[in-house]
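Participant: Structure incoming, see below.
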Amino acid sequence: MSKSLRLSEKWFRRGLWLVALAFASFLIGLGGAIVDDLPQVERALELDDFIDRPAAEPLRSTIKASEAAELQATRELEQVRLQQSAARQASANARETFGNWIATRRATAQPDQDTELIARTKALDAFKQKEDEVQRLVNAQQQVVLDARHAEQRAREALSLLERDAREKLDAEYRRVELRVFAYRLALTLPLLVVAGWLFAKKRKSTYWPFVWGFIFFALFAFFVELVPYLPSYGGYVRYVVGILVTVLVGRYAIVALNAYLARQKLAEQQPDQVRREELSYDVALARLGKGVCPGCERPVDLKNDEIDFCPHCGIGLFDHCGQCETRKSAFSKFCHACGTSALPRVPQAAAGGSAPGSVDSFTPGGPLKPAV
């Protein structure tokens, strides 16, 4: 097609394609902003929206209180363990001192030291008693920590069951929200795709075709990029079914379009040569000739063969001779490439009584009018 265009027209068309792409990009940006805001129409869901609150709140309070009690008991346990360490050290020192004194007492064997032995023994018993008391305090604090930990664990297990049920409800609601958001997307993009299809069928060659194509690009992007990735899966069934439906619709359209095209071509090939060439657009004919195919039936033809003047498939005239200089030229050319004579359409002779002076007597395709003799 571009071979039949003027140089300026080529650049204008390229510029208009840039306009179409720019128009599509701005539409895509606007559509993307709208689609991104669609999830905001739904309220943000949380786990607490589906949990049994009358049963969950006491458990959470128990967990909180148990954590606080465990923390406090752990701190007190650390303090008691410090006291225990000090008591053990004091008791150990007392036993060591008492042992040394006993060794000295046995070496000297002085009976007058029996009273001091009794006193030292009582002091050692006091240290042992203090150590035992501190050990009981340690055991008590460890029991408090353990009780708080067990209470917290039981509350967490009960709360976990409630949260599991709530999580299942939340996931189900999330799927319903995703389906609704997808329905919103579909409600926006499907009409765009329908409008784009109508524009492609009716307006793609109109004066404002850059905006038509820009809208078509936008609709295709909105449907296949903004919508399809968010298509619900449900195990793949939905996507596969939608893919099958789209494939069937596109395939059916292609089959119907092909059959209609073949029917039109078959009907056109039955028309007279002159009628068929008049129905062909000049630009379309030149574009097909540039591809080495017949402008009428679009079958390959050896256009470089000087002996071929008619299509061997459909019989349409491909080459004729200039009526002025008899140069072989394309039957679809508007002017002779050798002498520049206009290829005017054939004018029929007068129906009866011959030709009037100055009237048209005959016309050779591509040649000038010849006055009657």
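Identifiers for the structure tokens are assigned positionally: chains receive A, B, ... in sequence, residues are indexed from 1 per chain, and ligands are indexed from 1 in the order shown.
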If we count only C-alpha atoms and set the cut-off at 12 Å, which residues sit around His150 (chain A), ignoring sequence neighbours fewer than 2 positions away in its own chain? Please answer as an MDAnalysis selection string.
Facilitator: chainID A and resid 62:63 66:67 69:70 143:148 152:157
Participant: Generate a file of the selected residues that holds N, CA and C atoms, formatted as a PDB file, in the first residue's frame.
Facilitator:
```pdb
ATOM      1  N   THR A  62      -6.998 -13.140  78.511  1.00  0.00           N
ATOM      2  CA  THR A  62      -6.230 -14.136  79.264  1.00  0.00           C
ATOM      3  C   THR A  62      -4.785 -14.187  78.783  1.00  0.00           C
ATOM      4  N   ILE A  63      -4.610 -14.149  77.474  1.00  0.00           N
ATOM      5  CA  ILE A  63      -3.252 -14.175  76.911  1.00  0.00           C
ATOM      6  C   ILE A  63      -2.464 -12.956  77.366  1.00  0.00           C
ATOM      7  N   SER A  66      -1.726 -13.288  81.069  1.00  0.00           N
ATOM      8  CA  SER A  66      -0.725 -14.332  81.295  1.00  0.00           C
ATOM      9  C   SER A  66       0.662 -13.860  80.888  1.00  0.00           C
ATOM     10  N   GLU A  67       0.738 -13.126  79.802  1.00  0.00           N
ATOM     11  CA  GLU A  67       2.029 -12.590  79.386  1.00  0.00           C
ATOM     12  C   GLU A  67       2.582 -11.617  80.430  1.00  0.00           C
ATOM     13  N   ALA A  69       1.777 -11.574  83.657  1.00  0.00           N
ATOM     14  CA  ALA A  69       2.122 -12.326  84.867  1.00  0.00           C
ATOM     15  C   ALA A  69       3.432 -13.079  84.682  1.00  0.00           C
ATOM     16  N   GLU A  70       3.616 -13.660  83.512  1.00  0.00           N
ATOM     17  CA  GLU A  70       4.858 -14.388  83.238  1.00  0.00           C
ATOM     18  C   GLU A  70       6.062 -13.450  83.257  1.00  0.00           C
ATOM     19  N   GLN A 143       7.094 -21.973  89.613  1.00  0.00           N
ATOM     20  CA  GLN A 143       5.738 -22.478  89.443  1.00  0.00           C
ATOM     21  C   GLN A 143       4.810 -21.400  88.908  1.00  0.00           C
ATOM     22  N   VAL A 144       4.997 -20.162  89.391  1.00  0.00           N
ATOM     23  CA  VAL A 144       4.183 -19.046  88.888  1.00  0.00           C
ATOM     24  C   VAL A 144       4.434 -18.830  87.402  1.00  0.00           C
ATOM     25  N   VAL A 145       5.702 -18.835  87.010  1.00  0.00           N
ATOM     26  CA  VAL A 145       6.045 -18.666  85.581  1.00  0.00           C
ATOM     27  C   VAL A 145       5.441 -19.784  84.751  1.00  0.00           C
ATOM     28  N   LEU A 146       5.550 -21.019  85.271  1.00  0.00           N
ATOM     29  CA  LEU A 146       5.028 -22.168  84.533  1.00  0.00           C
ATOM     30  C   LEU A 146       3.506 -22.096  84.403  1.00  0.00           C
ATOM     31  N   ASP A 147       2.829 -21.721  85.497  1.00  0.00           N
ATOM     32  CA  ASP A 147       1.370 -21.602  85.439  1.00  0.00           C
ATOM     33  C   ASP A 147       0.937 -20.530  84.433  1.00  0.00           C
ATOM     34  N   ALA A 148       1.621 -19.392  84.457  1.00  0.00           N
ATOM     35  CA  ALA A 148       1.282 -18.325  83.515  1.00  0.00           C
ATOM     36  C   ALA A 148       1.534 -18.771  82.078  1.00  0.00           C
ATOM     37  N   GLU A 152      -1.324 -19.165  79.208  1.00  0.00           N
ATOM     38  CA  GLU A 152      -1.188 -18.474  77.919  1.00  0.00           C
ATOM     39  C   GLU A 152      -1.276 -19.464  76.761  1.00  0.00           C
ATOM     40  N   GLN A 153      -0.647 -20.625  76.899  1.00  0.00           N
ATOM     41  CA  GLN A 153      -0.660 -21.628  75.835  1.00  0.00           C
ATOM     42  C   GLN A 153      -2.073 -22.146  75.578  1.00  0.00           C
ATOM     43  N   ARG A 154      -2.815 -22.419  76.665  1.00  0.00           N
ATOM     44  CA  ARG A 154      -4.187 -22.900  76.489  1.00  0.00           C
ATOM     45  C   ARG A 154      -5.068 -21.844  75.806  1.00  0.00           C
ATOM     46  N   ALA A 155      -4.886 -20.587  76.210  1.00  0.00           N
ATOM     47  CA  ALA A 155      -5.678 -19.518  75.595  1.00  0.00           C
ATOM     48  C   ALA A 155      -5.311 -19.344  74.115  1.00  0.00           C
ATOM     49  N   ARG A 156      -4.032 -19.473  73.809  1.00  0.00           N
ATOM     50  CA  ARG A 156      -3.610 -19.339  72.414  1.00  0.00           C
ATOM     51  C   ARG A 156      -4.144 -20.475  71.548  1.00  0.00           C
ATOM     52  N   GLU A 157      -4.154 -21.674  72.086  1.00  0.00           N
ATOM     53  CA  GLU A 157      -4.696 -22.801  71.323  1.00  0.00           C
ATOM     54  C   GLU A 157      -6.180 -22.618  71.039  1.00  0.00           C
TER      55      GLU A 157
END
```
Participant: Identify, on the basis of only C-alpha atoms, every residue whose closest approach to region 284-301 of chain A does not exceed 12 Å; exclude the query and any residue fewer than 6 positions from it along the same chain; express the result as a PyMOL selection string.
Facilitator: chain A and resi 1-5+261-278+307-319+330-334
Participant: Could you list, as JSON, numbers by chain, every residue within 7 Å of region 184-194 of chain A, counting only C-alpha atoms and ignoring same-chain residues fewer than 6 positions away?
Facilitator: {"A": [35, 219, 220, 222, 223, 227]}
Participant: Can I get the selected residues back with C-alpha atoms, as a PDB file, in the first residue's frame?
Facilitator:
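result.pdb written:
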```
ATOM      1  CA  VAL A  35      -8.929   0.195  37.156  1.00  0.00           C
ATOM      2  CA  ALA A 219      -9.519  -1.336  24.311  1.00  0.00           C
ATOM      3  CA  LEU A 220      -7.290  -4.309  23.477  1.00  0.00           C
ATOM      4  CA  ALA A 222      -7.561  -2.769  28.736  1.00  0.00           C
ATOM      5  CA  PHE A 223      -9.074  -6.184  28.038  1.00  0.00           C
ATOM      6  CA  LEU A 227      -8.529  -7.617  32.784  1.00  0.00           C
TER       7      LEU A 227
END
```
Participant: Please measure the separation of CA of Ala65 (chain A) and CA of Arg149 (chain A), giving the value in Å to one decimal.
Facilitator: 10.6 Å
Participant: Extract, using only C-alpha atoms, all DNA, RNA and protein residues at most 6 Å from Leu21 (chain A), discarding same-chain residues fewer than 3 positions from it, and format them as JSON, numbers by chain.
Facilitator: {"A": [18, 24, 214]}
Participant: Could the residues in this selection be written to a file with C-alpha atoms, as an mmCIF file, in the first residue's frame?
Facilitator:
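Generated file (again_16.cif):
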```cif
data_model
loop_
_atom_site.group_PDB
_atom_site.id
_atom_site.type_symbol
_atom_site.label_atom_id
_atom_site.label_comp_id
_atom_site.auth_asym_id
_atom_site.auth_seq_id
_atom_site.Cartn_x
_atom_site.Cartn_y
_atom_site.Cartn_z
ATOM 1 C CA LEU A 18 2.101 8.515 16.116
ATOM 2 C CA ALA A 24 -3.926 5.219 22.951
ATOM 3 C CA GLY A 214 -5.924 4.682 19.174
#
```
Participant: Using CA of Lys205 (chain A) and CA of Trp11 (chain A) as the two end points, give the distance in Å to one decimal.
Facilitator: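 We find that CA of Lys205 (chain A) and CA of Trp11 (chain A) lie 17.5 Å from each other.
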Participant: Could you pull the residues within 12 Å of Arg164 (chain A), counting only C-alpha atoms, minus those fewer than 6 positions along the same chain, as a PyMOL selection string?
Facilitator: chain A and resi 47-48+50-52+56+156-158+170-171
Participant: Pull C-alpha atoms from the residues just selected and write them as a PDB file, in the first residue's frame.
Facilitator:
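As written to disk, selection.pdb reads:
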```
ATOM      1  CA  LEU A  47      -9.812 -11.257  60.491  1.00  0.00           C
ATOM      2  CA  ASP A  48     -11.749  -9.678  63.360  1.00  0.00           C
ATOM      3  CA  PHE A  50     -15.337 -12.920  60.948  1.00  0.00           C
ATOM      4  CA  ILE A  51     -14.119 -14.167  64.351  1.00  0.00           C
ATOM      5  CA  ASP A  52     -16.423 -15.035  67.265  1.00  0.00           C
ATOM      6  CA  ALA A  56     -12.215 -14.430  71.399  1.00  0.00           C
ATOM      7  CA  ARG A 156      -3.610 -19.339  72.414  1.00  0.00           C
ATOM      8  CA  GLU A 157      -4.696 -22.801  71.323  1.00  0.00           C
ATOM      9  CA  ALA A 158      -8.362 -21.924  71.835  1.00  0.00           C
ATOM     10  CA  LEU A 170     -12.161 -14.388  55.373  1.00  0.00           C
ATOM     11  CA  ASP A 171     -10.649 -16.306  52.432  1.00  0.00           C
TER      12      ASP A 171
END
```
Participant: Calculate how many Å separate CA of Val212 (chain A) from CA of Val228 (chain A), rounding to one decimal.
Facilitator: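 Between CA of Val212 (chain A) and CA of Val228 (chain A) the gap is 22.8 Å.
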Participant: From the list A:Ala260, A:Leu124, A:Ile28, A:Leu77, which residue is nearest Ala92 (chain A) when using only C-alpha atoms?
Facilitator: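 Checking each candidate against Ala92 (chain A), we get A:Leu124 as the closest.
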Participant: If you run DSSP on the backbone here, which positions in region 140-235 of chain A get alpha helix (DSSP H)? Please write them as a ChimeraX atom specification.
Facilitator: /A:140-202,209-221
Participant: Residues near Gln141 (chain A), anyone? I mean within 10 Å using only C-alpha atoms, not counting same-chain ones fewer than 6 positions away, as a list in words.
Facilitator: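 Close residues of Gln141 (chain A): Glu70, Gln72, Ala73, Thr74, Arg75, Glu76, Leu77, Glu78, Val80, Arg81, Gln135 and Asp147 of chain A.
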Participant: Considering only C-alpha atoms, return as a PyMOL selection string whatever protein or nucleic-acid residues lie within 9 Å of Lys128 (chain A), sequence-local ones (same chain, fewer than 3 positions apart) excluded.
Facilitator: chain A and resi 87-88+91+123-125+131-133
Participant: Go ahead and write the selection's residues with N, CA and C atoms as an mmCIF file, in the first residue's frame.
Facilitator:
```cif
data_model
loop_
_atom_site.group_PDB
_atom_site.id
_atom_site.type_symbol
_atom_site.label_atom_id
_atom_site.label_comp_id
_atom_site.auth_asym_id
_atom_site.auth_seq_id
_atom_site.Cartn_x
_atom_site.Cartn_y
_atom_site.Cartn_z
ATOM 1 N N ALA A 87 22.982 -16.821 99.065
ATOM 2 C CA ALA A 87 22.824 -17.750 100.191
ATOM 3 C C ALA A 87 23.722 -18.968 100.030
ATOM 4 N N ARG A 88 23.816 -19.470 98.823
ATOM 5 C CA ARG A 88 24.692 -20.628 98.586
ATOM 6 C C ARG A 88 26.157 -20.271 98.817
ATOM 7 N N SER A 91 26.681 -19.964 102.588
ATOM 8 C CA SER A 91 26.678 -21.295 103.203
ATOM 9 C C SER A 91 27.961 -22.045 102.895
ATOM 10 N N ALA A 123 25.383 -21.864 113.760
ATOM 11 C CA ALA A 123 25.496 -20.841 112.700
ATOM 12 C C ALA A 123 25.478 -21.491 111.317
ATOM 13 N N LEU A 124 26.130 -22.606 111.202
ATOM 14 C CA LEU A 124 26.132 -23.318 109.929
ATOM 15 C C LEU A 124 24.734 -23.809 109.573
ATOM 16 N N ASP A 125 23.986 -24.290 110.579
ATOM 17 C CA ASP A 125 22.596 -24.718 110.339
ATOM 18 C C ASP A 125 21.738 -23.546 109.893
ATOM 19 N N GLU A 131 19.433 -20.949 103.010
ATOM 20 C CA GLU A 131 19.538 -21.447 101.623
ATOM 21 C C GLU A 131 18.288 -22.217 101.223
ATOM 22 N N ASP A 132 17.778 -23.007 102.180
ATOM 23 C CA ASP A 132 16.560 -23.772 101.882
ATOM 24 C C ASP A 132 15.370 -22.839 101.653
ATOM 25 N N GLU A 133 15.268 -21.805 102.467
ATOM 26 C CA GLU A 133 14.157 -20.844 102.289
ATOM 27 C C GLU A 133 14.216 -20.165 100.922
#
```
Participant: Write down as a count of residues only the residues belonging to region 265-351 of chain A that are assigned strand (DSSP E or B) by DSSP computed on the backbone.
Facilitator: 12
